[in-house]
Protein chains: 2
Amino acid sequence: PSQTHRETALSRQGQLTKPAGSLGRLEALAVDLAALQNTDTPGADRISIAVFAADHGVCVEEVSAFPQAVTGQMIANFVAGGAAISVMARHLQARLEVINLGTATPPPTSDGVVDEAIAAGTANLARQAAMSTAQLEQALAAGDRAAQRAADQQAQLFIGGEMGIGNTTSASAVACALLAEPALALAGPGTGLDAEGVSHKVTVIERALARHGDNREPLVVLASLGGFEIAALAGALIGSAARGIPVLVDGFIVTVAALAAVRLRPDLRDWLLFAHHSREPGHTRLLEALNAEPVLNLSMRLGEGSGAAVAVPVIRSACALHNGMATFADAGVNNAE
Amino acid sequence: PSQTHRETALSRQGQLTKPAGSLGRLEALAVDLAALQNTDTPGADRISIAVFAADHGVCVEEVSAFPQAVTGQMIANFVAGGAAISVMARHLQARLEVINLGTATPPPTSDGVVDEAIAAGTANLARQAAMSTAQLEQALAAGDRAAQRAADQQAQLFIGGEMGIGNTTSASAVACALLAEPALALAGPGTGLDAEGVSHKVTVIERALARHGDNREPLVVLASLGGFEIAALAGALIGSAARGIPVLVDGFIVTVAALAAVRLRPDLRDWLLFAHHSREPGHTRLLEALNAEPVLNLSMRLGEGSGAAVAVPVIRSACALHNGMATFADAGVNNAE
């Protein structure tokens, strides 16, 4: 981030025709983006959204309200344009790519899907490591390639999304291992478990954590408890920041990937803007661990990057105001006495 | 509001390819708008923003951080395109009109300003009624005419904004009288008073409330303690709802106008969506009194309708998702087991 552009942006905010600070979070967003984009005129017109999809062996433990086939079906829905993130990408005129890291059932279509399949889903993390070190490297590299494509498109902002039936179980387990928290502190209903379902999910995660032990090294945790899409997200976030592209972080799952990535590369934190506070209860603890204050709180809990997409217009408004408002001097308006 | 369209919209939300309820507030916004707009495809493409400006006699009591001349100067800034609401109106491709209800100093320009001047500002509400009954009627009628113009433009959503140095003092006094609260409960820094300034403002409002007495009849309260722009907003909100146009309520001042208007016409409440939680501390009590949960909380405290404008894209996203997503049946995706 550029300290010079941060200071210029801060100074400009103080001269625009409004009481100092009266645009609240919008001022900070514009200033942060000016510093990250190394510019006097921050913008979020060119957005790259990458949705990473994969299946989870832990589904045999019955941790989700949806059948596992839905992961592949939703990949087809993403590219066909019917999913929430597809609608939002069109609405925002953002570039959307869908990356298949491996499903239990092949998606009904592979047209328009980026094929990065590693295996037909992870192993059951309740009983063994979710993936091998080699598979982890493949997933991280797939994420990095998505960041490279975003850079090739001159994206001003990168959004990572995810799809994978069972992935709140994996993400919660990763978060527990990284934060040394019990499963109860981070597990929630995901796509819609009832209280009994959540209680069972907690038991499954506790079993996984007992098997895993207390190793908190991010790559070890990701291989042991993660998912292909979660590891790919970590790689994509690191890759975006490395290429100078700020990241708008979505909800629970992406925040877990961000936590792992920040543990691996602490400098990454500066490049992350947090879009929304998910309704998934464990998100609060994750945001706290990352010292993050999201832009929105709309009780969303869908994933796919949808919460980040809904926050994009707030960032665009912040940029429009920063770039387009008159100063007191220009407009002939008196400042505060 | 149409109960039939509400039920159709609710049913559609349950069939879209996402876990039930996972779009959170966006689902409720789309459903509310479908009912209010009497349609299966709610939308917020055509937006009318009316900014009502006027001066306040109470400024002689030194209740603002800005000189009174700023009201007229900002009217010129609104029409010249340099103010926050001007930038947002362009950004949203919304129709913006600026209505002058009377300033102490004439604005530097009247080109493009709707002239509804009643007097060169209100009287000093700390010492006498802010306006006569005839002036109140003029202000309410000016608001109603703005609503008629919004209807003529086939607006799908109406936003009222305001500008008037000293108007948080007037608005706080109106709110105190309507809610039977002391000044301390509702007065805040406005455009940027320090603690001493707020304390002085509280004294001025208490003096006004002692003069006013305990009459809570909304029209009496508006004439005694209101401003021309606050009364015009009340008229505009009632006029919008009467013409079937939902209203997106901005921050502190507009919420006070909404409270007065709802006290006058309780049916109005159904037509109001609340855009954002202002940083002005008294807003919390007002939202509670109206049983309102705003969409955003961005620590904004600018007025002009700017907070409502920033919330528009969230409503547009809600509509895009409602209208554009595939159903489980259409997409061949399995629903929850």
# chains A, B, ... in the order shown; residues from 1 in each chain; ligands from 1

$ interface_residues --of "chain B" --to "chain A" --cutoff "6 Å" --atoms "only C-alpha atoms" --output "list in words"
Pro19, Ser22, Leu23, Gly24, Arg25, Ala65, Phe66, Gln73, Gly82, Ala83, Thr191, Leu298, Ser299, Met300, Arg301, Leu302, Met325, Ala326, Val333, Ala336 and Glu337 of chain B

$ write_last_selection --atoms "all heavy atoms" --output "short mmCIF file (atom, residue, chain, number, x, y, z; two decimals), in the first residue's frame"
data_model
loop_
_atom_site.label_atom_id
_atom_site.label_comp_id
_atom_site.auth_asym_id
_atom_site.auth_seq_id
_atom_site.Cartn_x
_atom_site.Cartn_y
_atom_site.Cartn_z
N PRO B 19 -30.04 -21.97 -0.01
CA PRO B 19 -30.70 -22.41 1.23
C PRO B 19 -31.77 -21.39 1.64
O PRO B 19 -31.57 -20.18 1.49
CB PRO B 19 -29.56 -22.46 2.24
CG PRO B 19 -28.33 -22.67 1.42
CD PRO B 19 -28.58 -21.91 0.14
N SER B 22 -31.19 -17.72 3.11
CA SER B 22 -29.75 -17.42 3.14
C SER B 22 -29.39 -16.06 2.55
O SER B 22 -28.27 -15.60 2.72
CB SER B 22 -28.97 -18.53 2.43
OG SER B 22 -29.34 -18.60 1.08
N LEU B 23 -30.34 -15.41 1.88
CA LEU B 23 -30.05 -14.04 1.41
C LEU B 23 -30.47 -12.99 2.45
O LEU B 23 -30.37 -11.78 2.20
CB LEU B 23 -30.70 -13.76 0.06
CG LEU B 23 -30.00 -14.41 -1.14
CD1 LEU B 23 -30.81 -14.22 -2.42
CD2 LEU B 23 -28.59 -13.84 -1.34
N GLY B 24 -30.91 -13.45 3.61
CA GLY B 24 -31.15 -12.55 4.74
C GLY B 24 -32.05 -11.38 4.39
O GLY B 24 -33.14 -11.54 3.83
N ARG B 25 -31.60 -10.18 4.74
CA ARG B 25 -32.40 -8.97 4.55
C ARG B 25 -32.77 -8.74 3.09
O ARG B 25 -33.77 -8.10 2.80
CB ARG B 25 -31.62 -7.74 5.05
CG ARG B 25 -31.47 -7.61 6.55
CD ARG B 25 -32.81 -7.37 7.25
NE ARG B 25 -33.51 -6.19 6.77
CZ ARG B 25 -33.29 -4.95 7.17
NH1 ARG B 25 -32.38 -4.71 8.08
NH2 ARG B 25 -33.97 -3.94 6.70
N ALA B 65 -22.00 24.14 13.90
CA ALA B 65 -20.58 24.35 13.63
C ALA B 65 -20.36 25.12 12.32
O ALA B 65 -19.27 25.60 12.06
CB ALA B 65 -19.86 23.00 13.56
N PHE B 66 -21.39 25.25 11.51
CA PHE B 66 -21.26 25.92 10.20
C PHE B 66 -22.05 27.23 10.19
O PHE B 66 -23.11 27.32 10.83
CB PHE B 66 -21.78 25.00 9.08
CG PHE B 66 -20.81 23.94 8.66
CD1 PHE B 66 -20.70 22.75 9.37
CD2 PHE B 66 -20.00 24.11 7.55
CE1 PHE B 66 -19.81 21.76 8.99
CE2 PHE B 66 -19.11 23.11 7.15
CZ PHE B 66 -19.01 21.94 7.88
N GLN B 73 -25.40 28.30 -0.07
CA GLN B 73 -24.23 27.87 -0.85
C GLN B 73 -24.37 26.40 -1.26
O GLN B 73 -24.01 26.02 -2.38
CB GLN B 73 -22.95 28.06 -0.03
CG GLN B 73 -22.60 29.53 0.21
CD GLN B 73 -21.55 29.70 1.31
OE1 GLN B 73 -21.13 28.74 1.96
NE2 GLN B 73 -21.13 30.95 1.53
N GLY B 82 -21.72 19.15 -7.26
CA GLY B 82 -20.54 18.87 -6.44
C GLY B 82 -20.81 18.28 -5.07
O GLY B 82 -19.89 17.83 -4.39
N ALA B 83 -22.07 18.27 -4.65
CA ALA B 83 -22.39 17.74 -3.31
C ALA B 83 -22.48 16.22 -3.34
O ALA B 83 -22.61 15.62 -4.41
CB ALA B 83 -23.71 18.34 -2.83
N THR B 191 -23.58 18.53 12.60
CA THR B 191 -22.47 18.60 11.64
C THR B 191 -21.10 18.56 12.31
O THR B 191 -20.09 18.50 11.62
CB THR B 191 -22.54 19.89 10.80
OG1 THR B 191 -22.65 21.01 11.69
CG2 THR B 191 -23.71 19.88 9.86
N LEU B 298 -23.17 2.57 8.33
CA LEU B 298 -21.84 2.95 7.84
C LEU B 298 -21.29 4.17 8.57
O LEU B 298 -20.37 4.83 8.08
CB LEU B 298 -21.91 3.22 6.32
CG LEU B 298 -22.29 2.02 5.46
CD1 LEU B 298 -22.55 2.44 4.02
CD2 LEU B 298 -21.21 0.94 5.50
N SER B 299 -21.87 4.49 9.74
CA SER B 299 -21.42 5.65 10.52
C SER B 299 -21.50 6.95 9.73
O SER B 299 -20.71 7.86 9.94
CB SER B 299 -19.98 5.45 11.03
OG SER B 299 -19.91 4.35 11.89
N MET B 300 -22.46 7.03 8.81
CA MET B 300 -22.67 8.26 8.06
C MET B 300 -23.49 9.23 8.90
O MET B 300 -24.31 8.83 9.72
CB MET B 300 -23.40 7.97 6.74
CG MET B 300 -22.59 7.13 5.77
SD MET B 300 -23.54 6.68 4.29
CE MET B 300 -23.62 8.27 3.46
N ARG B 301 -23.29 10.52 8.67
CA ARG B 301 -24.08 11.55 9.36
C ARG B 301 -24.05 12.84 8.53
O ARG B 301 -23.82 13.92 9.05
CB ARG B 301 -23.55 11.81 10.78
CG ARG B 301 -22.05 12.08 10.81
CD ARG B 301 -21.55 12.41 12.21
NE ARG B 301 -20.13 12.68 12.17
CZ ARG B 301 -19.57 13.83 11.82
NH1 ARG B 301 -20.33 14.85 11.49
NH2 ARG B 301 -18.27 13.98 11.79
N LEU B 302 -24.32 12.71 7.24
CA LEU B 302 -24.21 13.85 6.33
C LEU B 302 -25.56 14.46 6.00
O LEU B 302 -25.66 15.66 5.77
CB LEU B 302 -23.51 13.40 5.04
CG LEU B 302 -23.44 14.42 3.90
CD1 LEU B 302 -22.81 15.72 4.39
CD2 LEU B 302 -22.64 13.87 2.74
N MET B 325 -32.66 -15.03 -10.35
CA MET B 325 -32.13 -16.35 -9.99
C MET B 325 -33.01 -17.46 -10.54
O MET B 325 -34.21 -17.31 -10.73
CB MET B 325 -32.03 -16.49 -8.46
CG MET B 325 -30.82 -15.81 -7.86
SD MET B 325 -30.74 -16.01 -6.05
CE MET B 325 -30.37 -17.77 -5.93
N ALA B 326 -32.38 -18.62 -10.74
CA ALA B 326 -33.10 -19.81 -11.17
C ALA B 326 -33.76 -20.49 -9.98
O ALA B 326 -33.29 -20.37 -8.85
CB ALA B 326 -32.14 -20.78 -11.85
N VAL B 333 -31.36 -28.57 -9.64
CA VAL B 333 -30.57 -28.67 -8.40
C VAL B 333 -31.46 -29.27 -7.32
O VAL B 333 -32.62 -28.87 -7.17
CB VAL B 333 -30.03 -27.29 -7.98
CG1 VAL B 333 -29.34 -27.34 -6.62
CG2 VAL B 333 -29.08 -26.72 -9.04
N ALA B 336 -32.87 -29.01 -0.12
CA ALA B 336 -32.44 -29.64 1.15
C ALA B 336 -33.21 -30.93 1.37
O ALA B 336 -34.37 -31.06 0.97
CB ALA B 336 -32.67 -28.67 2.31
N GLU B 337 -32.53 -31.90 2.02
CA GLU B 337 -33.15 -33.22 2.21
C GLU B 337 -34.17 -33.20 3.34
O GLU B 337 -34.03 -32.42 4.27
CB GLU B 337 -32.03 -34.23 2.52
CG GLU B 337 -31.32 -34.65 1.25
CD GLU B 337 -29.95 -35.28 1.52
OE1 GLU B 337 -29.34 -34.98 2.56
OE2 GLU B 337 -29.51 -36.05 0.66
#

$ atom_distance --atom1 "CA of Gln153 in chain A" --atom2 "CA of Glu304 in chain A"
20.8 Å

$ select_by_dssp --residues "range 123-167 of chain B" --states "alpha helix (DSSP H)" --output "PyMOL selection string"
chain B and resi 133-152+167

$ residues_around --residues "Ala129 in chain B" --least-positions-apart "5" --cutoff "12 Å" --atoms "only C-alpha atoms" --output "JSON list (two decimals) with all heavy atoms, in the first residue's frame"
[["chain", "number", "residue", "atom", "x", "y", "z"],
["B", 56, "HIS", "N", -32.99, 28.24, 9.39],
["B", 56, "HIS", "CA", -33.58, 28.10, 10.72],
["B", 56, "HIS", "C", -33.23, 29.29, 11.60],
["B", 56, "HIS", "O", -32.05, 29.56, 11.84],
["B", 56, "HIS", "CB", -33.05, 26.81, 11.37],
["B", 56, "HIS", "CG", -33.55, 25.58, 10.67],
["B", 56, "HIS", "ND1", -34.58, 24.83, 11.15],
["B", 56, "HIS", "CD2", -33.20, 25.03, 9.48],
["B", 56, "HIS", "CE1", -34.85, 23.84, 10.31],
["B", 56, "HIS", "NE2", -34.00, 23.94, 9.28],
["B", 57, "GLY", "N", -34.27, 29.95, 12.08],
["B", 57, "GLY", "CA", -34.07, 31.11, 12.95],
["B", 57, "GLY", "C", -33.28, 30.78, 14.21],
["B", 57, "GLY", "O", -32.59, 31.65, 14.77],
["B", 58, "VAL", "N", -33.34, 29.52, 14.61],
["B", 58, "VAL", "CA", -32.64, 29.12, 15.85],
["B", 58, "VAL", "C", -31.12, 29.24, 15.71],
["B", 58, "VAL", "O", -30.40, 29.16, 16.71],
["B", 58, "VAL", "CB", -33.08, 27.70, 16.28],
["B", 58, "VAL", "CG1", -32.47, 26.65, 15.34],
["B", 58, "VAL", "CG2", -32.71, 27.42, 17.73],
["B", 122, "THR", "N", -37.10, 30.02, 9.18],
["B", 122, "THR", "CA", -38.11, 30.01, 10.25],
["B", 122, "THR", "C", -37.77, 31.06, 11.31],
["B", 122, "THR", "O", -36.68, 31.63, 11.30],
["B", 122, "THR", "CB", -38.15, 28.62, 10.93],
["B", 122, "THR", "OG1", -36.81, 28.26, 11.26],
["B", 122, "THR", "CG2", -38.75, 27.57, 10.03],
["B", 123, "ALA", "N", -38.71, 31.27, 12.21],
["B", 123, "ALA", "CA", -38.44, 32.09, 13.41],
["B", 123, "ALA", "C", -37.61, 31.26, 14.39],
["B", 123, "ALA", "O", -37.46, 30.04, 14.23],
["B", 123, "ALA", "CB", -39.76, 32.53, 14.03],
["B", 124, "ASN", "N", -37.08, 31.93, 15.39],
["B", 124, "ASN", "CA", -36.25, 31.25, 16.39],
["B", 124, "ASN", "C", -37.11, 30.43, 17.34],
["B", 124, "ASN", "O", -37.76, 30.97, 18.25],
["B", 124, "ASN", "CB", -35.43, 32.29, 17.17],
["B", 124, "ASN", "CG", -34.59, 31.65, 18.28],
["B", 124, "ASN", "OD1", -34.57, 30.42, 18.41],
["B", 124, "ASN", "ND2", -33.90, 32.46, 19.06],
["B", 135, "GLN", "N", -47.83, 28.87, 7.05],
["B", 135, "GLN", "CA", -46.51, 28.47, 6.53],
["B", 135, "GLN", "C", -46.34, 26.96, 6.57],
["B", 135, "GLN", "O", -45.78, 26.35, 5.65],
["B", 135, "GLN", "CB", -45.41, 29.16, 7.33],
["B", 135, "GLN", "CG", -45.31, 30.66, 7.06],
["B", 135, "GLN", "CD", -44.26, 31.34, 7.91],
["B", 135, "GLN", "OE1", -44.05, 30.96, 9.07],
["B", 135, "GLN", "NE2", -43.61, 32.36, 7.35],
["B", 136, "LEU", "N", -46.83, 26.34, 7.64],
["B", 136, "LEU", "CA", -46.77, 24.87, 7.72],
["B", 136, "LEU", "C", -47.53, 24.24, 6.55],
["B", 136, "LEU", "O", -47.03, 23.31, 5.90],
["B", 136, "LEU", "CB", -47.37, 24.39, 9.05],
["B", 136, "LEU", "CG", -47.52, 22.87, 9.20],
["B", 136, "LEU", "CD1", -46.16, 22.18, 9.15],
["B", 136, "LEU", "CD2", -48.26, 22.52, 10.49],
["B", 170, "SER", "N", -33.69, 21.69, 15.33],
["B", 170, "SER", "CA", -35.14, 21.66, 15.09],
["B", 170, "SER", "C", -35.66, 20.22, 15.11],
["B", 170, "SER", "O", -36.66, 19.92, 15.78],
["B", 170, "SER", "CB", -35.43, 22.34, 13.75],
["B", 170, "SER", "OG", -36.75, 22.09, 13.35],
["B", 173, "ALA", "N", -35.79, 18.79, 18.56],
["B", 173, "ALA", "CA", -36.89, 19.37, 19.34],
["B", 173, "ALA", "C", -38.22, 18.73, 18.95],
["B", 173, "ALA", "O", -39.03, 18.37, 19.81],
["B", 173, "ALA", "CB", -36.93, 20.88, 19.12],
["B", 174, "VAL", "N", -38.43, 18.55, 17.64],
["B", 174, "VAL", "CA", -39.66, 17.90, 17.17],
["B", 174, "VAL", "C", -39.76, 16.49, 17.74],
["B", 174, "VAL", "O", -40.80, 16.06, 18.26],
["B", 174, "VAL", "CB", -39.71, 17.86, 15.62],
["B", 174, "VAL", "CG1", -40.81, 16.93, 15.12],
["B", 174, "VAL", "CG2", -39.87, 19.27, 15.06],
["B", 208, "ALA", "N", -36.84, 25.62, 24.20],
["B", 208, "ALA", "CA", -37.91, 25.51, 23.19],
["B", 208, "ALA", "C", -39.03, 24.59, 23.67],
["B", 208, "ALA", "O", -40.22, 24.89, 23.50],
["B", 208, "ALA", "CB", -37.32, 25.01, 21.87],
["B", 209, "LEU", "N", -38.64, 23.48, 24.29],
["B", 209, "LEU", "CA", -39.64, 22.51, 24.75],
["B", 209, "LEU", "C", -40.47, 23.08, 25.89],
["B", 209, "LEU", "O", -41.69, 22.84, 25.98],
["B", 209, "LEU", "CB", -38.96, 21.20, 25.19],
["B", 209, "LEU", "CG", -38.28, 20.40, 24.07],
["B", 209, "LEU", "CD1", -37.47, 19.24, 24.66],
["B", 209, "LEU", "CD2", -39.33, 19.87, 23.08],
["B", 211, "ARG", "N", -41.17, 26.25, 26.30],
["B", 211, "ARG", "CA", -42.10, 27.17, 25.64],
["B", 211, "ARG", "C", -43.25, 26.41, 24.99],
["B", 211, "ARG", "O", -44.41, 26.78, 25.11],
["B", 211, "ARG", "CB", -41.36, 28.00, 24.57],
["B", 211, "ARG", "CG", -42.28, 28.92, 23.77],
["B", 211, "ARG", "CD", -41.60, 29.54, 22.56],
["B", 211, "ARG", "NE", -41.11, 28.58, 21.58],
["B", 211, "ARG", "CZ", -41.87, 27.82, 20.80],
["B", 211, "ARG", "NH1", -43.19, 27.86, 20.88],
["B", 211, "ARG", "NH2", -41.32, 26.98, 19.93],
["B", 212, "HIS", "N", -42.89, 25.34, 24.30],
["B", 212, "HIS", "CA", -43.88, 24.58, 23.54],
["B", 212, "HIS", "C", -44.93, 23.91, 24.43],
["B", 212, "HIS", "O", -46.11, 23.83, 24.07],
["B", 212, "HIS", "CB", -43.18, 23.53, 22.67],
["B", 212, "HIS", "CG", -44.12, 22.58, 22.00],
["B", 212, "HIS", "ND1", -44.88, 22.94, 20.91],
["B", 212, "HIS", "CD2", -44.45, 21.29, 22.29],
["B", 212, "HIS", "CE1", -45.63, 21.90, 20.55],
["B", 212, "HIS", "NE2", -45.39, 20.90, 21.37],
["B", 213, "GLY", "N", -44.52, 23.39, 25.57],
["B", 213, "GLY", "CA", -45.44, 22.64, 26.43],
["B", 213, "GLY", "C", -45.58, 21.20, 25.98],
["B", 213, "GLY", "O", -44.73, 20.70, 25.24],
["B", 220, "VAL", "N", -49.15, 20.55, 15.23],
["B", 220, "VAL", "CA", -48.81, 21.60, 16.19],
["B", 220, "VAL", "C", -47.31, 21.56, 16.50],
["B", 220, "VAL", "O", -46.64, 22.60, 16.54],
["B", 220, "VAL", "CB", -49.64, 21.43, 17.49],
["B", 220, "VAL", "CG1", -49.20, 22.44, 18.55],
["B", 220, "VAL", "CG2", -51.13, 21.56, 17.20],
["B", 221, "VAL", "N", -46.78, 20.37, 16.69],
["B", 221, "VAL", "CA", -45.35, 20.21, 16.98],
["B", 221, "VAL", "C", -44.51, 20.71, 15.80],
["B", 221, "VAL", "O", -43.53, 21.43, 15.98],
["B", 221, "VAL", "CB", -45.02, 18.73, 17.30],
["B", 221, "VAL", "CG1", -43.51, 18.52, 17.37],
["B", 221, "VAL", "CG2", -45.69, 18.31, 18.60],
["B", 222, "LEU", "N", -44.89, 20.34, 14.58],
["B", 222, "LEU", "CA", -44.13, 20.77, 13.39],
["B", 222, "LEU", "C", -44.12, 22.30, 13.27],
["B", 222, "LEU", "O", -43.08, 22.89, 12.98],
["B", 222, "LEU", "CB", -44.71, 20.15, 12.12],
["B", 222, "LEU", "CG", -44.31, 18.70, 11.83],
["B", 222, "LEU", "CD1", -45.09, 18.19, 10.61],
["B", 222, "LEU", "CD2", -42.80, 18.56, 11.59],
["B", 223, "ALA", "N", -45.26, 22.95, 13.48],
["B", 223, "ALA", "CA", -45.31, 24.40, 13.36],
["B", 223, "ALA", "C", -44.49, 25.06, 14.48],
["B", 223, "ALA", "O", -43.77, 26.04, 14.25],
["B", 223, "ALA", "CB", -46.75, 24.89, 13.41],
["B", 224, "SER", "N", -44.54, 24.51, 15.64],
["B", 224, "SER", "CA", -43.89, 25.12, 16.80],
["B", 224, "SER", "C", -42.38, 24.92, 16.77],
["B", 224, "SER", "O", -41.62, 25.84, 17.09],
["B", 224, "SER", "CB", -44.49, 24.50, 18.07],
["B", 224, "SER", "OG", -43.80, 24.92, 19.22],
["B", 225, "LEU", "N", -41.92, 23.74, 16.39],
["B", 225, "LEU", "CA", -40.51, 23.37, 16.56],
["B", 225, "LEU", "C", -39.82, 22.93, 15.27],
["B", 225, "LEU", "O", -38.60, 22.71, 15.27],
["B", 225, "LEU", "CB", -40.41, 22.22, 17.59],
["B", 225, "LEU", "CG", -40.98, 22.53, 18.99],
["B", 225, "LEU", "CD1", -41.16, 21.25, 19.79],
["B", 225, "LEU", "CD2", -40.07, 23.51, 19.74],
["B", 226, "GLY", "N", -40.56, 22.80, 14.20],
["B", 226, "GLY", "CA", -40.01, 22.23, 12.97],
["B", 226, "GLY", "C", -39.26, 23.23, 12.11],
["B", 226, "GLY", "O", -39.01, 24.37, 12.50],
["B", 227, "GLY", "N", -38.92, 22.77, 10.92],
["B", 227, "GLY", "CA", -38.32, 23.62, 9.89],
["B", 227, "GLY", "C", -39.15, 23.44, 8.63],
["B", 227, "GLY", "O", -39.89, 22.45, 8.51]]

$ decode --residues "range 286-297 of chain B" --atoms "N, CA, C and O atoms" --output "PDB file, in the first residue's frame"
ATOM      1  N   LEU B 286     -35.170   7.057  17.617  1.00  0.00           N
ATOM      2  CA  LEU B 286     -36.182   7.294  16.582  1.00  0.00           C
ATOM      3  C   LEU B 286     -36.527   6.005  15.838  1.00  0.00           C
ATOM      4  O   LEU B 286     -37.697   5.717  15.560  1.00  0.00           O
ATOM      5  N   LEU B 287     -35.491   5.241  15.508  1.00  0.00           N
ATOM      6  CA  LEU B 287     -35.706   3.988  14.783  1.00  0.00           C
ATOM      7  C   LEU B 287     -36.522   3.019  15.633  1.00  0.00           C
ATOM      8  O   LEU B 287     -37.421   2.327  15.139  1.00  0.00           O
ATOM      9  N   GLU B 288     -36.226   3.012  16.911  1.00  0.00           N
ATOM     10  CA  GLU B 288     -36.960   2.186  17.864  1.00  0.00           C
ATOM     11  C   GLU B 288     -38.440   2.606  17.891  1.00  0.00           C
ATOM     12  O   GLU B 288     -39.330   1.759  17.850  1.00  0.00           O
ATOM     13  N   ALA B 289     -38.668   3.909  17.940  1.00  0.00           N
ATOM     14  CA  ALA B 289     -40.054   4.409  17.996  1.00  0.00           C
ATOM     15  C   ALA B 289     -40.826   4.020  16.742  1.00  0.00           C
ATOM     16  O   ALA B 289     -42.052   3.879  16.781  1.00  0.00           O
ATOM     17  N   LEU B 290     -40.126   3.858  15.628  1.00  0.00           N
ATOM     18  CA  LEU B 290     -40.771   3.504  14.365  1.00  0.00           C
ATOM     19  C   LEU B 290     -40.647   2.006  14.062  1.00  0.00           C
ATOM     20  O   LEU B 290     -41.046   1.544  12.998  1.00  0.00           O
ATOM     21  N   ASN B 291     -40.080   1.266  14.997  1.00  0.00           N
ATOM     22  CA  ASN B 291     -39.878  -0.173  14.812  1.00  0.00           C
ATOM     23  C   ASN B 291     -39.147  -0.450  13.496  1.00  0.00           C
ATOM     24  O   ASN B 291     -39.544  -1.304  12.712  1.00  0.00           O
ATOM     25  N   ALA B 292     -38.066   0.288  13.278  1.00  0.00           N
ATOM     26  CA  ALA B 292     -37.367   0.256  11.992  1.00  0.00           C
ATOM     27  C   ALA B 292     -35.974  -0.345  12.148  1.00  0.00           C
ATOM     28  O   ALA B 292     -35.264  -0.042  13.095  1.00  0.00           O
ATOM     29  N   GLU B 293     -35.630  -1.223  11.198  1.00  0.00           N
ATOM     30  CA  GLU B 293     -34.275  -1.795  11.146  1.00  0.00           C
ATOM     31  C   GLU B 293     -33.639  -1.373   9.834  1.00  0.00           C
ATOM     32  O   GLU B 293     -33.955  -1.923   8.784  1.00  0.00           O
ATOM     33  N   PRO B 294     -32.740  -0.405   9.876  1.00  0.00           N
ATOM     34  CA  PRO B 294     -32.170   0.081   8.617  1.00  0.00           C
ATOM     35  C   PRO B 294     -31.307  -0.979   7.918  1.00  0.00           C
ATOM     36  O   PRO B 294     -30.831  -1.922   8.555  1.00  0.00           O
ATOM     37  N   VAL B 295     -31.121  -0.773   6.629  1.00  0.00           N
ATOM     38  CA  VAL B 295     -30.344  -1.702   5.806  1.00  0.00           C
ATOM     39  C   VAL B 295     -28.844  -1.588   6.104  1.00  0.00           C
ATOM     40  O   VAL B 295     -28.148  -2.589   6.207  1.00  0.00           O
ATOM     41  N   LEU B 296     -28.356  -0.362   6.226  1.00  0.00           N
ATOM     42  CA  LEU B 296     -26.920  -0.116   6.373  1.00  0.00           C
ATOM     43  C   LEU B 296     -26.591   0.518   7.719  1.00  0.00           C
ATOM     44  O   LEU B 296     -27.424   1.197   8.325  1.00  0.00           O
ATOM     45  N   ASN B 297     -25.351   0.333   8.136  1.00  0.00           N
ATOM     46  CA  ASN B 297     -24.815   1.077   9.274  1.00  0.00           C
ATOM     47  C   ASN B 297     -23.365   1.416   8.943  1.00  0.00           C
ATOM     48  O   ASN B 297     -22.455   0.631   9.199  1.00  0.00           O
TER      49      ASN B 297
END
